[in-house]
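File shown: model_20.txt. Contents: compact mmCIF, C-alpha atoms.
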# COMPACT_ATOMS: atom_id res chain seq x y z
CA MET I 175 108.92 42.02 26.06
CA VAL I 176 106.10 40.63 23.91
CA PHE I 177 105.82 36.87 23.49
CA GLU I 178 104.04 35.76 20.34
CA THR I 179 103.88 32.79 17.99
CA ARG I 180 101.87 32.55 14.77
CA PHE I 181 100.20 29.60 13.05
CA LEU I 182 98.05 28.82 10.00
CA ASN I 183 99.47 31.44 7.65
CA ASP I 184 99.43 34.07 10.43
CA ARG I 185 95.66 33.75 10.97
CA VAL I 186 96.28 32.46 14.51
CA VAL I 187 98.33 34.44 17.03
CA VAL I 188 99.35 32.87 20.33
CA ALA I 189 100.54 35.52 22.77
CA VAL I 190 100.92 36.64 26.37
CA GLY I 191 98.68 39.54 27.26
CA ASP I 192 95.58 40.93 28.89
CA ILE I 193 92.39 39.67 27.22
CA ALA I 194 90.53 42.80 28.37
CA ARG I 195 92.97 45.02 26.45
CA GLN I 196 92.80 43.28 23.06
CA GLN I 197 91.85 45.53 20.16
CA VAL I 198 89.80 43.06 18.15
CA ASP I 199 86.21 42.82 16.97
CA ALA I 200 85.37 40.43 19.84
CA ILE I 201 86.97 39.05 22.94
CA VAL I 202 85.75 35.81 24.45
CA ASN I 203 84.77 35.77 28.09
CA ALA I 204 85.33 32.52 29.97
CA ALA I 205 82.09 33.15 31.84
CA ASN I 206 80.24 31.27 34.51
CA SER I 207 76.70 30.16 33.75
CA SER I 208 75.13 33.11 35.61
CA LEU I 209 76.67 35.57 33.09
CA LEU I 210 76.76 38.06 35.95
CA GLY I 211 80.52 38.34 36.42
CA GLY I 212 82.85 36.41 38.64
CA GLY I 213 86.56 35.95 39.18
CA GLY I 214 89.48 35.59 36.81
CA VAL I 215 88.90 36.51 33.16
CA ASP I 216 85.16 36.96 33.73
CA GLY I 217 85.66 39.46 36.55
CA ALA I 218 88.33 41.39 34.64
CA ILE I 219 86.13 41.74 31.56
CA HIS I 220 83.16 42.95 33.60
CA ARG I 221 85.33 45.39 35.62
CA VAL I 222 87.00 46.96 32.59
CA GLY I 223 83.93 46.76 30.35
CA GLY I 224 81.61 48.42 32.83
CA PRO I 225 77.90 48.10 33.59
CA ARG I 226 76.60 47.90 30.00
CA ILE I 227 77.91 44.34 29.61
CA LEU I 228 76.21 43.28 32.83
CA GLU I 229 72.94 44.88 31.73
CA GLU I 230 73.01 42.95 28.44
CA CYS I 231 73.89 39.71 30.22
CA ARG I 232 70.94 40.18 32.57
CA GLU I 233 68.68 40.66 29.53
CA ILE I 234 70.02 37.42 27.99
CA ARG I 235 69.27 35.65 31.27
CA ARG I 236 65.73 37.05 31.36
CA GLY I 237 65.00 36.18 27.74
CA GLN I 238 67.09 33.26 26.46
CA TYR I 239 68.69 31.49 29.40
CA PRO I 240 66.74 32.04 32.64
CA LYS I 241 68.53 29.07 34.28
CA GLY I 242 71.96 30.25 33.13
CA LEU I 243 74.09 29.67 30.04
CA PRO I 244 74.92 25.94 29.72
CA PRO I 245 78.53 24.77 29.20
CA GLY I 246 79.52 24.78 25.53
CA LYS I 247 77.06 27.51 24.54
CA ALA I 248 77.94 31.11 23.62
CA VAL I 249 76.16 34.47 23.49
CA ILE I 250 77.27 37.91 22.33
CA THR I 251 77.00 41.38 23.87
CA THR I 252 78.53 44.74 23.17
CA ALA I 253 81.84 45.44 24.90
CA GLY I 254 81.09 48.52 26.96
CA ASN I 255 84.35 50.31 27.77
CA LEU I 256 86.62 47.58 26.38
CA PRO I 257 88.69 48.29 23.25
CA ALA I 258 86.94 45.35 21.53
CA ARG I 259 83.55 45.90 19.87
CA HIS I 260 81.85 42.81 21.32
CA VAL I 261 82.18 40.23 24.07
CA ILE I 262 81.30 36.62 23.33
CA HIS I 263 80.47 34.87 26.59
CA THR I 264 80.96 31.11 26.76
CA VAL I 265 80.84 28.69 29.66
CA GLY I 266 83.55 26.07 29.72
CA PRO I 267 83.19 22.72 31.44
CA VAL I 268 84.35 22.14 34.98
CA TYR I 269 86.82 19.31 34.41
CA GLY I 270 85.51 15.91 35.43
CA GLU I 271 81.91 16.98 36.06
CA HIS I 272 80.23 16.19 32.71
CA ASN I 273 80.14 12.38 32.46
CA GLY I 274 82.97 12.15 29.93
CA ALA I 275 81.73 15.04 27.76
CA ASP I 276 84.38 17.53 28.91
CA ALA I 277 86.34 17.55 25.64
CA GLU I 278 83.19 17.88 23.54
CA LEU I 279 81.96 20.79 25.68
CA LEU I 280 85.31 22.58 25.60
CA ALA I 281 85.48 22.21 21.80
CA ALA I 282 81.94 23.57 21.58
CA CYS I 283 83.01 26.71 23.46
CA TYR I 284 85.52 27.52 20.73
CA GLU I 285 83.28 26.43 17.86
CA GLN I 286 80.20 28.33 19.08
CA SER I 287 82.25 31.46 19.77
CA LEU I 288 83.82 31.37 16.30
CA LYS I 289 80.43 30.74 14.72
CA LEU I 290 78.92 33.74 16.55
CA ALA I 291 81.79 35.92 15.36
CA THR I 292 81.25 34.99 11.73
CA THR I 293 77.47 35.30 12.04
CA HIS I 294 78.05 38.90 13.10
CA SER I 295 80.60 39.47 10.27
CA LEU I 296 83.49 39.95 12.69
CA THR I 297 87.00 39.44 11.37
CA SER I 298 89.09 39.23 14.56
CA ILE I 299 88.57 37.48 17.87
CA ALA I 300 90.65 36.86 21.00
CA PHE I 301 90.24 33.89 23.35
CA PRO I 302 91.56 33.28 26.86
CA ALA I 303 92.44 29.73 27.91
CA ILE I 304 88.88 28.53 28.58
CA SER I 305 88.35 26.28 31.64
CA THR I 306 92.05 26.00 32.56
CA GLY I 307 91.85 28.15 35.70
CA ALA I 308 89.24 27.57 38.40
CA TYR I 309 87.53 24.92 36.24
CA ARG I 310 90.74 22.79 36.43
CA TYR I 311 90.92 21.62 32.80
CA PRO I 312 94.43 20.22 32.25
CA ARG I 313 96.33 22.75 30.17
CA ALA I 314 97.92 20.24 27.80
CA GLU I 315 94.56 18.63 26.97
CA ALA I 316 92.91 22.05 26.62
CA ALA I 317 95.65 23.16 24.20
CA ALA I 318 95.01 20.20 21.91
CA ILE I 319 91.23 20.72 21.95
CA ALA I 320 91.40 24.49 21.44
CA SER I 321 93.89 24.27 18.57
CA GLN I 322 91.98 21.45 16.84
CA SER I 323 88.71 23.38 17.12
CA VAL I 324 90.18 26.62 15.79
CA ARG I 325 92.03 24.88 12.95
CA GLN I 326 88.96 22.93 11.84
CA PHE I 327 86.80 26.05 11.89
CA LEU I 328 89.29 28.15 9.93
CA GLU I 329 89.66 25.43 7.28
CA ASN I 330 86.06 26.16 6.27
CA ASP I 331 85.90 29.90 6.97
CA GLU I 332 87.24 32.95 5.17
CA THR I 333 85.60 35.62 7.34
CA LEU I 334 87.95 35.49 10.31
CA ARG I 335 91.31 36.98 9.48
CA GLU I 336 92.79 36.75 12.98
CA VAL I 337 92.19 34.48 15.94
CA ARG I 338 94.23 35.37 19.00
CA LEU I 339 94.80 32.96 21.86
CA ILE I 340 95.87 35.14 24.78
CA PHE I 341 97.60 33.72 27.83
CA PHE I 342 98.13 35.29 31.23
CA SER I 343 101.74 34.14 31.55
CA GLU I 344 104.65 33.08 29.40
CA SER I 345 104.63 29.63 31.02
CA ASP I 346 100.95 29.15 30.07
CA MET I 347 101.70 30.23 26.51
CA LYS I 348 104.65 27.83 26.30
CA MET I 349 102.51 24.97 27.60
CA PHE I 350 99.90 25.72 24.92
CA THR I 351 102.51 26.00 22.17
CA LYS I 352 104.07 22.69 23.20
CA HIS I 353 100.73 20.85 23.04
CA GLN I 354 98.96 22.69 20.20
CA GLU I 355 97.78 20.71 17.20
CA PHE I 356 97.56 23.40 14.54
CA LEU I 357 100.16 21.62 12.46
CA LYS I 358 98.65 18.11 12.73
CA ARG I 359 96.27 16.76 10.11
What is this file in structure tokens?
Amino acid sequence: MVFETRFLNDRVVVAVGDIARQQVDAIVNAANSSLLGGGGVDGAIHRVGGPRILEECREIRRGQYPKGLPPGKAVITTAGNLPARHVIHTVGPVYGEHNGADAELLAACYEQSLKLATTHSLTSIAFPAISTGAYRYPRAEAAAIASQSVRQFLENDETLREVRLIFFSESDMKMFTKHQEFLKR
């Protein structure tokens, strides 16, 4: 059974699924600052995508971010063996470790990822729930921030036709849907 809800004139799809299997122009990787793979979403994307993604991430580390990608920033690579064309890597905040800037950093993850997609003329993107796993961001708060960020970006953008928010479980999707703010002004 497929669980899916749509918002903003069907431009936003909220669904249960596997982020590594999304057939979109770009998937977003909830990366760690090393960009070298890890657990959860990051590990799955690197495993399915193969060594090309890791090679490009190493090059980004050598050139742009030798100390690692800071929280709230985003970079783009090809997608290797994934069905997507690109991977946008962003580092979410570890909840409670950024002197009150957690919400701003989480919003920046979505905003920077969306901006990168449009800069590269991409029309579809899929996000996991950034920072809500090992980084302990409360799911209800993350839902409000993610939905506000996506809504605000789409209000001023015509390039992106579809933004998917992909959740690992039905309960995670329901939590997001309950606390989303797509419909608030």
Proximity to Pro244 of chain I - best of I:Arg232, I:His353, I:His272, I:Arg221, all atoms listed in the file: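 The closest residue to Pro244 of chain I is I:His272.
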Protein and nucleic acid residues near (72.7, 39.3, 18.3) (cut-off 8 Å, all atoms listed in the file) as a PyMOL selection string: chain I and resi 249-251+294
Non-local contacts of Gly211 of chain I (9 Å; all atoms listed in the file; under 6 positions in same chain excluded) as a VMD selection string: chain I and resid 205 217 to 221 228
Distance of atom CA of Ile234 of chain I from atom CA of Ile193 of chain I, expressed in Å to one decimal place: 22.5 Å
Which residues come within 10 Å of Asp199 of chain I, counting all atoms listed in the file, excluding same-chain residues fewer than 3 positions away, as a tab-separated table (two decimals) with C-alpha atoms, in the frame of the given file?
chain	number	residue	atom	x	y	z
I	196	GLN	CA	92.80	43.28	23.06
I	253	ALA	CA	81.84	45.44	24.90
I	257	PRO	CA	88.69	48.29	23.25
I	258	ALA	CA	86.94	45.35	21.53
I	259	ARG	CA	83.55	45.90	19.87
I	260	HIS	CA	81.85	42.81	21.32
I	261	VAL	CA	82.18	40.23	24.07
I	291	ALA	CA	81.79	35.92	15.36
I	294	HIS	CA	78.05	38.90	13.10
I	295	SER	CA	80.60	39.47	10.27
I	296	LEU	CA	83.49	39.95	12.69
I	297	THR	CA	87.00	39.44	11.37
I	298	SER	CA	89.09	39.23	14.56
I	299	ILE	CA	88.57	37.48	17.87
I	300	ALA	CA	90.65	36.86	21.00
I	336	GLU	CA	92.79	36.75	12.98
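From atom CA of Gly307 of chain I back to atom CA of Phe327 of chain I, the distance works out to 24.4 Å.
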9 Å contact set for Val324 of chain I, all atoms listed in the file, chain neighbours under 6 positions out, as a PyMOL selection string: chain I and resi 186+281+284-285+288+337+356
Atomic separation - atom CA of Arg338 of chain I relative to atom CA of Ala204 of chain I, Å: 14.4 Å
Residue nearest Thr293 of chain I - candidates I:Asp331, I:Asp216, I:Glu230, I:Asp346, atoms counted: all atoms listed in the file: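 Using all atoms listed in the file, the shortest distance to Thr293 of chain I belongs to I:Asp331.
Point (74.5, 33.8, 34.8) has the following residues at most 9 Å away: Ala205, Asn206, Ser207, Ser208, Leu209, Leu210, Gly211, Cys231, Arg232, Ile234, Arg235, Tyr239, Pro240, Lys241, Gly242 and Leu243 of chain I (atoms considered: only C-alpha atoms).
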From I:Ile262, I:Ala318, I:Val268, I:Ile304, residue lying nearest Thr351 of chain I [only C-alpha atoms]: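 The answer is I:Ala318, which sits nearest to Thr351 of chain I.
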Within 6 Å of Ala248 of chain I using all atoms listed in the file, minus same-chain residues under 5 positions, as a ChimeraX atom specification: /I:263-264,286-287
